[in-house]
>>> print(open('input.txt').read())   # compact mmCIF, C-alpha atoms
# COMPACT_ATOMS: atom_id res chain seq x y z
CA MET A 16 79.37 137.53 68.50
CA ASP A 17 76.94 136.63 71.29
CA PRO A 18 74.17 139.31 71.59
CA PHE A 19 74.63 139.30 75.37
CA VAL A 20 78.31 140.15 75.00
CA VAL A 21 77.45 142.96 72.58
CA LEU A 22 74.95 144.34 75.11
CA VAL A 23 77.51 144.18 77.93
CA LEU A 24 80.06 146.04 75.78
CA CYS A 25 77.58 148.69 74.59
CA LEU A 26 76.10 149.48 77.99
CA PRO A 27 79.28 151.05 79.49
CA CYS A 28 79.71 153.07 76.31
CA LEU A 29 76.17 154.41 76.61
CA LEU A 30 76.73 155.29 80.28
CA LEU A 31 79.98 157.13 79.49
CA LEU A 32 78.34 158.97 76.60
CA SER A 33 75.44 159.98 78.83
CA LEU A 34 77.77 161.23 81.59
CA TRP A 35 79.88 163.20 79.09
CA ARG A 36 76.83 164.78 77.49
CA GLN A 37 75.27 165.74 80.83
CA SER A 38 78.51 167.20 82.20
CA SER A 39 79.12 169.27 79.06
CA VAL A 40 75.59 170.72 79.13
CA ARG A 41 75.14 171.20 82.88
CA GLY A 42 77.81 173.89 83.08
CA LYS A 43 75.72 176.15 80.81
CA LEU A 44 72.39 175.61 82.61
CA PRO A 45 70.92 176.70 85.97
CA PRO A 46 71.66 174.42 88.95
CA GLY A 47 69.46 171.48 89.80
CA PRO A 48 69.40 167.97 91.24
CA THR A 49 72.19 165.70 90.03
CA PRO A 50 70.89 163.51 87.21
CA LEU A 51 71.62 159.82 86.80
CA PRO A 52 73.03 158.55 83.50
CA ILE A 53 70.40 157.94 80.82
CA ILE A 54 67.34 158.21 83.11
CA GLY A 55 68.14 161.69 84.49
CA ASN A 56 66.03 162.80 87.48
CA ILE A 57 63.03 160.58 86.74
CA LEU A 58 63.48 158.56 89.96
CA GLN A 59 63.45 161.79 91.99
CA ILE A 60 60.15 162.98 90.49
CA ASP A 61 56.72 161.77 91.54
CA VAL A 62 55.07 161.19 88.15
CA LYS A 63 51.63 161.29 89.83
CA ASP A 64 52.29 164.77 91.23
CA ILE A 65 55.05 166.41 89.18
CA SER A 66 54.13 169.93 90.33
CA LYS A 67 54.79 169.00 93.97
CA SER A 68 58.19 167.55 93.07
CA LEU A 69 59.12 170.72 91.17
CA SER A 70 57.98 172.87 94.12
CA ASN A 71 60.28 170.88 96.40
CA PHE A 72 63.20 171.37 93.99
CA SER A 73 62.57 175.14 93.94
CA LYS A 74 63.00 175.30 97.71
CA VAL A 75 66.52 173.90 97.31
CA TYR A 76 67.71 175.36 93.98
CA GLY A 77 65.69 178.59 93.70
CA PRO A 78 62.96 179.69 91.27
CA VAL A 79 65.01 178.78 88.15
CA PHE A 80 66.50 175.30 88.05
CA THR A 81 67.21 172.39 85.70
CA VAL A 82 65.85 168.85 85.79
CA TYR A 83 66.53 166.01 83.37
CA PHE A 84 63.75 163.92 81.86
CA GLY A 85 65.95 161.12 80.58
CA LEU A 86 68.73 162.73 78.54
CA LYS A 87 66.68 165.87 77.95
CA PRO A 88 67.41 168.90 80.18
CA VAL A 89 64.40 171.05 81.11
CA VAL A 90 64.77 174.52 82.66
CA VAL A 91 61.91 175.17 85.10
CA LEU A 92 60.59 178.64 85.99
CA HIS A 93 58.84 178.30 89.34
CA GLY A 94 56.69 181.04 90.82
CA TYR A 95 54.99 184.15 89.50
CA GLU A 96 58.03 186.43 89.46
CA ALA A 97 60.22 183.95 87.54
CA VAL A 98 57.47 183.20 85.00
CA LYS A 99 56.72 186.93 84.52
CA GLU A 100 60.40 187.77 83.96
CA GLY A 101 60.85 184.90 81.52
CA LEU A 102 57.62 185.01 79.49
CA ILE A 103 56.79 188.74 79.61
CA ASP A 104 59.90 190.81 80.38
CA MET A 105 62.02 188.54 78.16
CA GLY A 106 59.19 187.27 75.96
CA GLU A 107 61.13 187.36 72.70
CA GLU A 108 63.94 185.19 74.05
CA PHE A 109 61.47 182.70 75.53
CA SER A 110 59.08 182.62 72.55
CA GLY A 111 60.38 179.24 71.34
CA ARG A 112 58.68 175.95 72.17
CA GLY A 113 60.20 172.72 73.36
CA VAL A 114 60.04 169.77 70.97
CA LEU A 115 57.57 167.02 71.86
CA PRO A 116 58.81 163.99 69.87
CA ALA A 117 55.38 162.30 69.84
CA VAL A 118 53.65 165.35 68.37
CA GLU A 119 56.60 166.03 66.07
CA ARG A 120 56.04 162.60 64.52
CA ALA A 121 52.50 163.62 63.58
CA ASN A 122 52.80 167.33 62.70
CA LYS A 123 56.32 167.46 61.22
CA GLY A 124 56.84 170.85 62.89
CA HIS A 125 53.82 172.48 61.23
CA GLY A 126 50.80 174.18 62.78
CA LEU A 127 50.37 176.98 65.29
CA VAL A 128 50.54 175.25 68.66
CA PHE A 129 53.63 173.06 68.24
CA SER A 130 55.58 174.81 65.46
CA ASN A 131 58.67 176.87 66.20
CA GLY A 132 60.88 179.69 65.04
CA LYS A 133 60.05 181.61 61.86
CA THR A 134 57.22 179.23 60.89
CA TRP A 135 55.41 179.83 64.18
CA LYS A 136 55.82 183.61 63.95
CA VAL A 137 54.48 183.76 60.39
CA ILE A 138 51.46 181.55 61.13
CA ARG A 139 50.75 183.37 64.39
CA ARG A 140 50.84 186.75 62.63
CA PHE A 141 48.48 185.48 59.95
CA SER A 142 46.12 183.90 62.51
CA VAL A 143 45.90 187.05 64.64
CA MET A 144 45.26 189.23 61.56
CA THR A 145 42.62 186.82 60.21
CA LEU A 146 40.78 186.54 63.53
CA ARG A 147 40.74 190.31 63.76
CA ILE A 148 39.18 190.52 60.28
CA ILE A 149 36.64 187.79 61.08
CA GLY A 150 35.79 189.55 64.34
CA MET A 151 34.80 192.69 62.42
CA GLY A 152 33.26 191.00 59.36
CA LYS A 153 29.69 190.57 58.20
CA ARG A 154 29.26 187.73 60.65
CA SER A 155 31.47 188.60 63.59
CA ILE A 156 32.76 186.29 66.28
CA GLU A 157 30.29 187.96 68.66
CA ASP A 158 27.42 186.84 66.41
CA ARG A 159 28.73 183.28 66.44
CA VAL A 160 29.02 183.31 70.23
CA GLN A 161 25.48 184.64 70.62
CA GLU A 162 24.16 181.99 68.23
CA GLU A 163 25.91 179.26 70.20
CA ALA A 164 24.62 180.67 73.48
CA ARG A 165 21.04 180.37 72.19
CA CYS A 166 21.68 176.78 71.08
CA LEU A 167 23.24 175.98 74.46
CA VAL A 168 20.23 177.34 76.34
CA GLU A 169 17.90 175.34 74.10
CA GLU A 170 19.92 172.18 74.75
CA LEU A 171 19.72 172.76 78.50
CA ARG A 172 15.98 173.26 78.28
CA LYS A 173 15.68 169.76 76.83
CA THR A 174 16.71 168.39 80.24
CA LYS A 175 13.37 169.76 81.61
CA SER A 176 15.06 170.78 84.86
CA SER A 177 15.93 167.17 85.68
CA PRO A 178 19.30 166.42 87.36
CA CYS A 179 22.08 166.08 84.78
CA ASP A 180 25.82 166.48 84.28
CA PRO A 181 26.25 169.59 82.05
CA THR A 182 29.99 169.08 81.57
CA PHE A 183 29.71 167.67 78.05
CA ILE A 184 27.17 170.26 76.83
CA LEU A 185 29.19 173.15 78.27
CA SER A 186 32.38 171.86 76.62
CA CYS A 187 30.58 171.56 73.27
CA ALA A 188 29.68 175.26 73.20
CA PRO A 189 33.18 176.83 72.98
CA CYS A 190 34.32 174.01 70.67
CA ASN A 191 31.41 174.77 68.37
CA VAL A 192 32.31 178.47 68.26
CA ILE A 193 35.82 177.51 67.15
CA CYS A 194 34.39 175.13 64.53
CA SER A 195 32.11 177.92 63.28
CA ILE A 196 35.12 180.20 62.79
CA ILE A 197 37.16 177.50 61.02
CA PHE A 198 34.50 175.59 59.07
CA GLN A 199 31.91 178.39 58.63
CA ASN A 200 29.02 176.48 60.24
CA ARG A 201 28.45 175.13 63.72
CA PHE A 202 27.59 171.48 64.40
CA ASP A 203 24.52 170.01 66.02
CA TYR A 204 25.40 168.58 69.43
CA LYS A 205 24.48 165.09 68.20
CA ASP A 206 26.36 165.36 64.89
CA HIS A 207 28.50 162.26 64.38
CA ASN A 208 31.56 164.13 63.04
CA PHE A 209 31.39 166.68 65.85
CA LEU A 210 31.15 164.00 68.56
CA ASP A 211 34.01 162.11 66.92
CA LEU A 212 36.25 165.20 66.88
CA MET A 213 35.38 165.99 70.50
CA GLU A 214 36.14 162.43 71.59
CA LYS A 215 39.52 162.36 69.87
CA LEU A 216 40.46 165.81 71.18
CA ASN A 217 39.65 164.81 74.78
CA ASP A 218 41.47 161.51 74.27
CA ASN A 219 44.59 163.32 73.02
CA VAL A 220 44.62 165.72 75.97
CA ARG A 221 44.40 162.76 78.37
CA ILE A 222 47.20 160.89 76.57
CA LEU A 223 49.52 163.92 76.35
CA SER A 224 49.22 164.50 80.11
CA SER A 225 49.86 160.85 81.01
CA SER A 226 53.02 159.54 82.67
CA TRP A 227 53.71 157.20 79.74
CA MET A 228 53.80 160.13 77.32
CA GLN A 229 56.37 161.88 79.52
CA VAL A 230 58.52 158.76 79.26
CA CYS A 231 58.06 158.60 75.46
CA ASN A 232 59.07 162.25 75.05
CA SER A 233 62.15 161.60 77.18
CA PHE A 234 63.10 158.47 75.20
CA PRO A 235 61.88 159.06 71.58
CA PRO A 236 62.90 155.57 70.30
CA LEU A 237 60.01 154.17 72.38
CA ILE A 238 57.58 155.94 70.03
CA ASP A 239 58.74 153.98 66.99
CA TYR A 240 59.47 150.57 68.45
CA PHE A 241 57.14 150.05 71.45
CA PRO A 242 53.35 149.74 71.72
CA GLY A 243 51.38 152.07 73.96
CA THR A 244 48.87 154.93 74.10
CA HIS A 245 51.17 157.07 71.93
CA LYS A 246 50.02 154.95 68.99
CA THR A 247 46.44 156.01 69.74
CA LEU A 248 47.56 159.65 69.86
CA LEU A 249 49.16 159.42 66.41
CA LYS A 250 46.10 157.64 65.04
CA ASN A 251 43.75 160.30 66.45
CA ILE A 252 45.83 163.14 65.00
CA ALA A 253 45.92 161.45 61.59
CA HIS A 254 42.12 161.00 61.66
CA THR A 255 41.54 164.65 62.59
CA LYS A 256 43.92 165.87 59.88
CA SER A 257 42.11 163.69 57.35
CA TYR A 258 38.73 165.20 58.27
CA ILE A 259 40.07 168.76 58.07
CA LEU A 260 41.68 168.00 54.70
CA GLU A 261 38.28 166.90 53.36
CA ARG A 262 36.74 170.18 54.50
CA VAL A 263 39.62 172.11 52.91
CA LYS A 264 38.99 170.37 49.58
CA GLU A 265 35.29 171.33 49.81
CA HIS A 266 36.31 174.94 50.42
CA GLN A 267 38.68 174.90 47.44
CA GLU A 268 35.84 173.86 45.13
CA SER A 269 33.56 176.70 46.26
CA LEU A 270 36.17 179.38 47.08
CA ASP A 271 35.31 182.98 46.27
CA ILE A 272 38.37 185.15 46.89
CA ASN A 273 36.15 188.24 47.08
CA ASN A 274 33.90 186.77 49.75
CA PRO A 275 35.87 184.61 52.25
CA ARG A 276 33.59 182.77 54.65
CA ASP A 277 35.85 181.45 57.39
CA PHE A 278 39.43 180.81 58.51
CA ILE A 279 40.02 178.10 55.90
CA ASP A 280 39.02 180.46 53.07
CA TYR A 281 41.43 183.14 54.31
CA PHE A 282 44.19 180.54 54.53
CA LEU A 283 43.55 179.31 50.99
CA ILE A 284 43.58 182.89 49.67
CA LYS A 285 46.87 183.55 51.45
CA MET A 286 48.34 180.38 49.90
CA GLU A 287 47.41 181.57 46.41
CA GLN A 288 49.03 184.94 47.07
>>> encode(input="input.txt", output="structure tokens")
Amino acid sequence: MDPFVVLVLCLPCLLLLSLWRQSSVRGKLPPGPTPLPIIGNILQIDVKDISKSLSNFSKVYGPVFTVYFGLKPVVVLHGYEAVKEGLIDMGEEFSGRGVLPAVERANKGHGLVFSNGKTWKVIRRFSVMTLRIIGMGKRSIEDRVQEEARCLVEELRKTKSSPCDPTFILSCAPCNVICSIIFQNRFDYKDHNFLDLMEKLNDNVRILSSSWMQVCNSFPPLIDYFPGTHKTLLKNIAHTKSYILERVKEHQESLDINNPRDFIDYFLIKMEQ
């Protein structure tokens, strides 16, 4: 059969399926702008200023409304009162996280930031407990912050009061504190591995907030079959995971369960238990 004929026959089926799915779901969700088949409300949203578009929707549909990014419905809480009621007063019901297909491809539902359900609760409980222990240990988080503050001041002194953009140096400081907690030791600001991790982290934040990534998350097949910046995101995540895995292996070889040094050591001890 001619491929064009197949496409013509399949397209109405996809439209009908999309309309049926949207109509069956919309009755259970808050009101919102009427979505188009397949593409949802994308044409009604300014991708360069999504917050303004959502603010305009709230004036028509109230502080809680539904928009469709492609086939995916998204319930929006707009304004302080709605966010407070949802995330604080009803925090347990709203503790779940939406699935980001691009990140799901890389993390397989693991980790603290993008995991969900029981896995997220277990890892969060462990992380909070471990950070509390580290904060009161022989080398507390306060000590690490003070050490980094001294290094930051020394780095600023190297500019000799000449005009400079401190953005990069100031962003290195909190990142280094986190690295000190996870990897035991801080990095020099010119360390190749540290600069590489910083670059990939900043690159990932930029990609995740891009319009193209919103499209990919709305239409997951694009991630597997189309080129784009999402490929760079997956590559960056894989590189970062590879570096962390190397550090984990180093920790396994020198692990002393009676004298944990950092977050990785506590995690390894918990795994053995």
>>> residues_near_point(input="input.txt", point="(59.7, 172.4, 92.2)", cutoff="12 Å", atoms="all atoms listed in the file", output="short mmCIF file (atom, residue, chain, number, x, y, z; two decimals) with C-alpha atoms, in the frame of the given file")
data_model
loop_
_atom_site.label_atom_id
_atom_site.label_comp_id
_atom_site.auth_asym_id
_atom_site.auth_seq_id
_atom_site.Cartn_x
_atom_site.Cartn_y
_atom_site.Cartn_z
CA GLY A 47 69.46 171.48 89.80
CA PRO A 48 69.40 167.97 91.24
CA GLN A 59 63.45 161.79 91.99
CA ILE A 60 60.15 162.98 90.49
CA ASP A 61 56.72 161.77 91.54
CA ASP A 64 52.29 164.77 91.23
CA ILE A 65 55.05 166.41 89.18
CA SER A 66 54.13 169.93 90.33
CA LYS A 67 54.79 169.00 93.97
CA SER A 68 58.19 167.55 93.07
CA LEU A 69 59.12 170.72 91.17
CA SER A 70 57.98 172.87 94.12
CA ASN A 71 60.28 170.88 96.40
CA PHE A 72 63.20 171.37 93.99
CA SER A 73 62.57 175.14 93.94
CA LYS A 74 63.00 175.30 97.71
CA VAL A 75 66.52 173.90 97.31
CA TYR A 76 67.71 175.36 93.98
CA GLY A 77 65.69 178.59 93.70
CA PRO A 78 62.96 179.69 91.27
CA VAL A 79 65.01 178.78 88.15
CA PHE A 80 66.50 175.30 88.05
CA THR A 81 67.21 172.39 85.70
CA VAL A 82 65.85 168.85 85.79
CA VAL A 90 64.77 174.52 82.66
CA VAL A 91 61.91 175.17 85.10
CA LEU A 92 60.59 178.64 85.99
CA HIS A 93 58.84 178.30 89.34
CA GLY A 94 56.69 181.04 90.82
#
>>> atom_distance(input="input.txt", atom1="CA of Gln161 in chain A", atom2="CA of Ser269 in chain A")
26.9 Å
>>> atom_distance(input="input.txt", atom1="CA of Trp227 in chain A", atom2="CA of Asn56 in chain A")
15.6 Å
>>> closest_atom_pairs(input="input.txt", of="range 100-121 of chain A", to="range 248-263 of chain A", cutoff="10 Å", atoms="only C-alpha atoms", output="JSON lines")
{"residue": "A:Ala117", "atom": "CA", "partner": "A:Leu249", "partner_atom": "CA", "distance": 7.7}
{"residue": "A:Val118", "atom": "CA", "partner": "A:Leu249", "partner_atom": "CA", "distance": 7.7}
{"residue": "A:Glu119", "atom": "CA", "partner": "A:Leu249", "partner_atom": "CA", "distance": 10.0}
{"residue": "A:Arg120", "atom": "CA", "partner": "A:Leu249", "partner_atom": "CA", "distance": 7.8}
{"residue": "A:Ala121", "atom": "CA", "partner": "A:Leu249", "partner_atom": "CA", "distance": 6.1}
>>> closest_residue(input="input.txt", among="A:His245, A:Pro178, A:Met144, A:Ser226", to="Phe282 in chain A", atoms="all atoms listed in the file")
A:Met144
>>> atom_distance(input="input.txt", atom1="CA of Phe278 in chain A", atom2="CA of Ile197 in chain A")
4.7 Å
>>> residues_around(input="input.txt", residues="Gly126 in chain A", least_positions_apart="3", cutoff="12 Å", atoms="only C-alpha atoms", output="ChimeraX atom specification")
/A:118-119,121-123,129-139,141-142,256
>>> write_last_selection(input="input.txt", atoms="C-alpha atoms", output="mmCIF file, in the coordinates of the input")
data_model
loop_
_atom_site.group_PDB
_atom_site.id
_atom_site.type_symbol
_atom_site.label_atom_id
_atom_site.label_comp_id
_atom_site.auth_asym_id
_atom_site.auth_seq_id
_atom_site.Cartn_x
_atom_site.Cartn_y
_atom_site.Cartn_z
ATOM 1 C CA VAL A 118 53.650 165.350 68.370
ATOM 2 C CA GLU A 119 56.600 166.030 66.070
ATOM 3 C CA ALA A 121 52.500 163.620 63.580
ATOM 4 C CA ASN A 122 52.800 167.330 62.700
ATOM 5 C CA LYS A 123 56.320 167.460 61.220
ATOM 6 C CA PHE A 129 53.630 173.060 68.240
ATOM 7 C CA SER A 130 55.580 174.810 65.460
ATOM 8 C CA ASN A 131 58.670 176.870 66.200
ATOM 9 C CA GLY A 132 60.880 179.690 65.040
ATOM 10 C CA LYS A 133 60.050 181.610 61.860
ATOM 11 C CA THR A 134 57.220 179.230 60.890
ATOM 12 C CA TRP A 135 55.410 179.830 64.180
ATOM 13 C CA LYS A 136 55.820 183.610 63.950
ATOM 14 C CA VAL A 137 54.480 183.760 60.390
ATOM 15 C CA ILE A 138 51.460 181.550 61.130
ATOM 16 C CA ARG A 139 50.750 183.370 64.390
ATOM 17 C CA PHE A 141 48.480 185.480 59.950
ATOM 18 C CA SER A 142 46.120 183.900 62.510
ATOM 19 C CA LYS A 256 43.920 165.870 59.880
#
>>> closest_residue(input="input.txt", among="A:Ile222, A:Ile156, A:Leu51, A:Leu58", to="Ile193 in chain A", atoms="all atoms listed in the file")
A:Ile156
>>> closest_residue(input="input.txt", among="A:Leu237, A:Cys187, A:Ile54, A:Val160", to="Glu214 in chain A", atoms="all atoms listed in the file")
A:Cys187
>>> closest_residue(input="input.txt", among="A:Asn219, A:Ser233, A:Gln199, A:Thr145", to="Ile57 in chain A", atoms="all atoms listed in the file")
A:Ser233
